[in-house]
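The structure appears right after this line, and notes come after that.
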Number of protein chains: 4
Amino acid sequence: MTDTFRIAAMSGSLRHASYNRGLLRAAQATAPAEVTIEILEVDLPLFNEDLEEAEPASVALFKKRVHGANAVLIATPEYNWGIPGGLKNAIDWCSRPPARNVLKQKPVAILGATTGPWGTTRAQNALRQTLIFTDSLTLVQPWVFVNNAKEKFDDAANLTDERTKEQVAGLVAALVAWTKRLG
Amino acid sequence: MTDTFRIAAMSGSLRHASYNRGLLRAAQATAPAEVTIEILEVDLPLFNEDLEEAEPASVALFKKRVHGANAVLIATPEYNWGIPGGLKNAIDWCSRPPARNVLKQKPVAILGATTGPWGTTRAQNALRQTLIFTDSLTLVQPWVFVNNAKEKFDDAANLTDERTKEQVAGLVAALVAWTKRLG
Amino acid sequence: MTDTFRIAAMSGSLRHASYNRGLLRAAQATAPAEVTIEILEVDLPLFNEDLEEAEPASVALFKKRVHGANAVLIATPEYNWGIPGGLKNAIDWCSRPPARNVLKQKPVAILGATTGPWGTTRAQNALRQTLIFTDSLTLVQPWVFVNNAKEKFDDAANLTDERTKEQVAGLVAALVAWTKRLG
Amino acid sequence: MTDTFRIAAMSGSLRHASYNRGLLRAAQATAPAEVTIEILEVDLPLFNEDLEEAEPASVALFKKRVHGANAVLIATPEYNWGIPGGLKNAIDWCSRPPARNVLKQKPVAILGATTGPWGTTRAQNALRQTLIFTDSLTLVQPWVFVNNAKEKFDDAANLTDERTKEQVAGLVAALVAWTKRLG
């Protein structure tokens with residue numbers, strides 16, 4: 001259907017019971033019918049400039065999905081006051097080579113969950129900085145910082161906190177509106 | 001010999017003709033006899049919290065070398081205004097789990113080379129921020145920002161620029177002095 | 001005239017022969033006829049939350065000019081890897097109280113000049129981070145990093161470098177286009 | 001008395017009932033007898049490079065107190081994801097001219113309080129970045145991020161939360177130990 005709004009969603013953490021993947025599932029569950037959200041895993045080979053002209057198949061597929069989406073949604077934990085190496089690696093691949101940077105002029109929204117008190121504030125800032133270089137059009141507000149994740153997700157890492165669900169749904173709605181505003 | 005000062009050096013880029021690995025070879029070539037510098041490659045599996053209690057062998061070896069060193073030297077390119085995902089991933093592994101964080105209280109010096117004009121200024125700041133969380137003791141100054149790398153290295157990525165060689169040697173000397181000052 | 005596009009331009013440095021004010025004069029000189037650029041000085045009293053409900057007259061006037069503009073242009077030097085305290089202070093005033101944040105949803109472009117080699121890369125990143133909190137719509141690219149300013153300006157701090165003039169004119173054009181795109 | 005350890009403490013906020021000044025009073029109240037903490041206000045004229053050779057008297061006095069201290073303690077609120085313009089301005093003055101940078105090689109510890117949930121995480125990172133340029137020796141850990149300040153201070157902005165008092169006392173003790181370690 002031509003009116004579908006497609007979001008490519010990156011899950012920053014690879015562990016099975018990732019809270020951040022849980023945020024993306026909550027985004028899927030709360031999204032309006034015309035919005036489809038595909039969750040991409042960042043388990044790609046490490047970027048190596050010697051390989052960029054002949055991308056590994058997994059990278060080519062990842063980039064294809066980002067390229068084909070109307071917008072991107074990134075859920076990131078905070079590792080060492082930055083984003084996980086794996087997520088950064090996926091973004092590095094997406095940006096290369098410059099003529100095939102699939103994040104260029106792409107609307108992006110970000111959010112993040114952590115078991116600690118500070119809500120991925122520092123990881124999200126690091127991510128925003130990287131998305132300037134990629135020439136992405138990152139949604140400024142609202143912010144979604146999810147702290148104390150153990151209290152807000154069940155044992156299967158499904159989001160149970162109602163207020164956070166509303167925040168996630170609000171972020172997706174804002175991303176769609178931002179994309180349309182950009183034309 | 002007991003008086004050897006051992007530096008574990010991380011090369012942030014994986015490509016064959018990496019300028020940053022070239023900086024580390026220049027550090028080796030200019031270091032005093034009592035300083036040994038081992039260059040570590042960051043080609044590790046992606047960090048996954050589900051695996052951290054049973055580290056892959058390559059990770060365990062990488063961490064062992066960092067742990068056994070008196071100090072750490074990190075040479076980083078700048079990817080998307082941050083450090084490469086592969087380097088971040090290696091640091092993420094080094095930091096986990098908290099009780100086996102091999103960067104804790106470790107003296108660290110950083111430098112970086114890029115073909116562009118801005119010398120990895122933003123990548124080095126991102127790296128410094130991450131090294132606060134790991135409780136590392138990062139040398140404050142001098143800084144070594146190497147820009148326009150094509151003019152300063154030969155085709156085999158060996159450093160040829162004399163002023164930069166002096167900067168690299170000065171950084172290693174400062175790292176040794178900083179480590180001794182910290183006691 | 002109703003078709004005029006008005007830009008409020010903040011000069012980050014207070015010294016008489018400021019290169020950054022020189023950049024803003026170059027923006028004025030190269031702007032198309034329908035674009036007017038008013039240069040604002042950031043010599044405001046220090047922000048004090050106790051005073052924010054009764055703003056000093058100079059602050060009220062500064063905020064009025066920002067509020068009335070179609071877009072904002074900020075030229076910043078780099079002081080201690082950040083923006084000058086005076087510029088930050090002006091932005092702090094502009095953002096307060098939240099209901100009268102004149103930077104909210106305002107299109108902004110940034111640039112900077114320095115006598116050093118690194119072109120205000122770090123100051124501009126700090127500024128971008130601050131403008132997220134203010135909910136401003138900061139132009140992502142192009143970037144204008146002006147290094148080695150003594151070679152590019154005359155003794156009266158007028159910009160003489162042709163390539164930089166083109167960059168400045170290009171930034172103003174991009175800011176106008178960005179503002180129109182945002183609708 | 002020659003054995004006194006003197007700390008120059010900067011209060012980042014100028015308002016009367018500042019929580020950050022309250023943190024510094026708590027530091028005074030909990031400090032051991034041999035540690036004296038002088039609270040400095042950052043109400044200085046705006047930095048202007050044209051004036052730096054003939055510093056205003058208030059600036060000269062501020063710098064003298066920083067210079068004469070064994071270490072520096074900075075309590076900062078978060079304004080627009082950075083430090084207040086007034087605090088940045090005081091640091092800018094302290095750093096100039098380079099030959100009279102009173103923060104050079106000075107041990108520094110930082111902390112911050114905010115009424116919001118995120119504890120000044122972003123302001124403290126911005127401050128750490130600035131203190132690299134000034135060549136200060138910033139204590140890496142422990143961190144003191146004080147959120148939800150209204151619940152932890154009384155109406156006169158005196159700290160009442162016992163856990164936070166312990167954190168403040170611990171930070172001062174760590175700053176003294178860090179200074180002695182640096183020799």
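For the structure tokens, the naming scheme is as follows: chains receive sequential letters (A, B, ...) according to their order of presentation, residues are indexed from 1 within each chain, and ligands are indexed from 1 in presentation order.
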
Run DSSP on the backbone and give me the residues of region 2-181 of chain B it puts in helix (DSSP H, G or I), as a ChimeraX atom specification.
/B:19-30,49-51,57-68,85-94,98-100,121-133,149-151,162-181

Quick one: residues within 9 Å of Pro45 (chain D), only C-alpha atoms, excluding same-chain residues fewer than 5 positions away - as a compact mmCIF listing (two decimals) with C-alpha atoms, in the first residue's frame?
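Writing the result to selection.txt gives the following:
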```txt
# COMPACT_ATOMS: atom_id res chain seq x y z
CA PRO C 45 24.11 41.19 32.61
CA LEU C 46 24.77 37.73 34.00
CA PRO D 56 39.12 44.21 36.41
CA SER D 58 37.04 41.59 40.81
CA VAL D 59 38.61 39.27 38.26
CA ASN D 89 32.80 33.25 31.96
CA ALA D 90 34.63 32.88 35.28
```

Any chance you could tabulate, as JSON lines, the residues of chain B at most 6 Å from chain A with each one's nearest atom pair and distance in Å to one decimal, using only C-alpha atoms, in chain and rising number order?
```
{"residue": "B:Leu14", "atom": "CA", "partner": "A:Asn48", "partner_atom": "CA", "distance": 5.5}
{"residue": "B:Arg15", "atom": "CA", "partner": "A:Asn48", "partner_atom": "CA", "distance": 5.4}
{"residue": "B:Leu46", "atom": "CA", "partner": "A:Gly86", "partner_atom": "CA", "distance": 5.9}
{"residue": "B:Asn48", "atom": "CA", "partner": "A:Arg15", "partner_atom": "CA", "distance": 5.4}
{"residue": "B:Glu49", "atom": "CA", "partner": "A:Arg15", "partner_atom": "CA", "distance": 5.7}
{"residue": "B:Asp50", "atom": "CA", "partner": "A:Arg15", "partner_atom": "CA", "distance": 5.5}
{"residue": "B:Asn80", "atom": "CA", "partner": "A:Thr130", "partner_atom": "CA", "distance": 5.0}
{"residue": "B:Trp81", "atom": "CA", "partner": "A:Thr130", "partner_atom": "CA", "distance": 5.3}
{"residue": "B:Gly85", "atom": "CA", "partner": "A:Asn89", "partner_atom": "CA", "distance": 4.0}
{"residue": "B:Gly86", "atom": "CA", "partner": "A:Leu46", "partner_atom": "CA", "distance": 5.9}
{"residue": "B:Lys88", "atom": "CA", "partner": "A:Gly85", "partner_atom": "CA", "distance": 4.5}
{"residue": "B:Asn89", "atom": "CA", "partner": "A:Gly85", "partner_atom": "CA", "distance": 3.9}
{"residue": "B:Thr130", "atom": "CA", "partner": "A:Asn80", "partner_atom": "CA", "distance": 5.0}
{"residue": "B:Phe133", "atom": "CA", "partner": "A:Asn80", "partner_atom": "CA", "distance": 5.2}
```

Kindly save the residues from that selection, with C-alpha atoms included, as a PDB file, in the first residue's frame.
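The resulting file, selection_5.pdb, is shown below:
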```pdb
ATOM      1  CA  LEU B  14      41.255  -1.975  10.971  1.00  0.00           C
ATOM      2  CA  ARG B  15      42.290  -1.175   7.414  1.00  0.00           C
ATOM      3  CA  LEU B  46      30.624  -7.473  19.063  1.00  0.00           C
ATOM      4  CA  ASN B  48      26.891  -8.825  24.011  1.00  0.00           C
ATOM      5  CA  GLU B  49      26.047  -8.733  27.684  1.00  0.00           C
ATOM      6  CA  ASP B  50      24.779 -12.318  27.474  1.00  0.00           C
ATOM      7  CA  ASN B  80      31.160  10.400  12.079  1.00  0.00           C
ATOM      8  CA  TRP B  81      32.456  12.787  14.773  1.00  0.00           C
ATOM      9  CA  GLY B  85      32.496   1.377  16.376  1.00  0.00           C
ATOM     10  CA  GLY B  86      35.220  -1.269  16.505  1.00  0.00           C
ATOM     11  CA  LYS B  88      34.347   1.561  21.079  1.00  0.00           C
ATOM     12  CA  ASN B  89      33.437  -2.125  21.091  1.00  0.00           C
ATOM     13  CA  THR B 130      34.098   7.351  27.595  1.00  0.00           C
ATOM     14  CA  PHE B 133      33.154   6.198  32.906  1.00  0.00           C
TER      15      PHE B 133
END
```

Can you tell me, as number ranges by chain, what residues are no more than 8 Å from region 67-75 of chain A when counting only C-alpha atoms, ignoring any on the same chain fewer than 2 positions away?
A: 5-12, 20-21, 23-24, 63-65, 77, 102-103, 106-113, 175-176, 179

If you count only C-alpha atoms, which residues fall within 9 Å of Thr114 (chain C), apart from same-chain ones fewer than 6 positions away, as a VMD selection string?
chain C and resid 19 to 20 76 to 78 120 145 to 150

Per-residue DSSP, region 60-169 of chain C, filtered to strand (DSSP E), as a short mmCIF file (atom, residue, chain, number, x, y, z; two decimals) with N, CA and C atoms, in the first residue's frame:
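Result saved to result-v7.cif:
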```cif
data_model
loop_
_atom_site.label_atom_id
_atom_site.label_comp_id
_atom_site.auth_asym_id
_atom_site.auth_seq_id
_atom_site.Cartn_x
_atom_site.Cartn_y
_atom_site.Cartn_z
N ALA C 71 15.02 33.89 11.60
CA ALA C 71 16.03 32.88 11.89
C ALA C 71 17.18 33.53 12.64
N VAL C 72 18.06 32.70 13.19
CA VAL C 72 19.18 33.17 14.00
C VAL C 72 20.49 32.64 13.41
N LEU C 73 21.51 33.48 13.44
CA LEU C 73 22.85 33.10 12.97
C LEU C 73 23.81 33.38 14.12
N ILE C 74 24.59 32.39 14.51
CA ILE C 74 25.49 32.56 15.66
C ILE C 74 26.93 32.31 15.22
N ALA C 75 27.77 33.32 15.43
CA ALA C 75 29.21 33.19 15.12
C ALA C 75 29.97 33.12 16.43
N PRO C 107 14.70 28.50 13.62
CA PRO C 107 15.80 28.01 12.78
C PRO C 107 17.10 28.75 13.11
N VAL C 108 18.18 27.99 13.24
CA VAL C 108 19.48 28.57 13.64
C VAL C 108 20.57 27.99 12.75
N ALA C 109 21.53 28.84 12.38
CA ALA C 109 22.75 28.35 11.73
C ALA C 109 23.94 28.84 12.54
N ILE C 110 25.01 28.06 12.55
CA ILE C 110 26.16 28.43 13.35
C ILE C 110 27.43 28.37 12.51
N LEU C 111 28.39 29.19 12.92
CA LEU C 111 29.72 29.19 12.29
C LEU C 111 30.70 29.74 13.31
N GLY C 112 31.98 29.67 13.00
CA GLY C 112 32.95 30.16 13.97
C GLY C 112 34.33 30.32 13.38
N ALA C 113 35.06 31.27 13.94
CA ALA C 113 36.43 31.54 13.50
C ALA C 113 37.37 31.54 14.69
N LEU C 137 15.86 24.71 15.87
CA LEU C 137 15.95 23.86 14.69
C LEU C 137 17.26 24.19 13.97
N THR C 138 18.33 23.62 14.46
CA THR C 138 19.66 23.99 13.98
C THR C 138 19.96 23.33 12.64
N PHE C 145 33.79 26.15 9.47
CA PHE C 145 34.84 26.17 10.48
C PHE C 145 35.99 27.01 9.91
N VAL C 146 36.26 28.17 10.48
CA VAL C 146 37.30 29.06 9.96
C VAL C 146 38.51 29.02 10.89
#
```

Just the number, please: distance in Å from CA of Lys165 (chain C) to CA of Val35 (chain C), one decimal.
16.3 Å
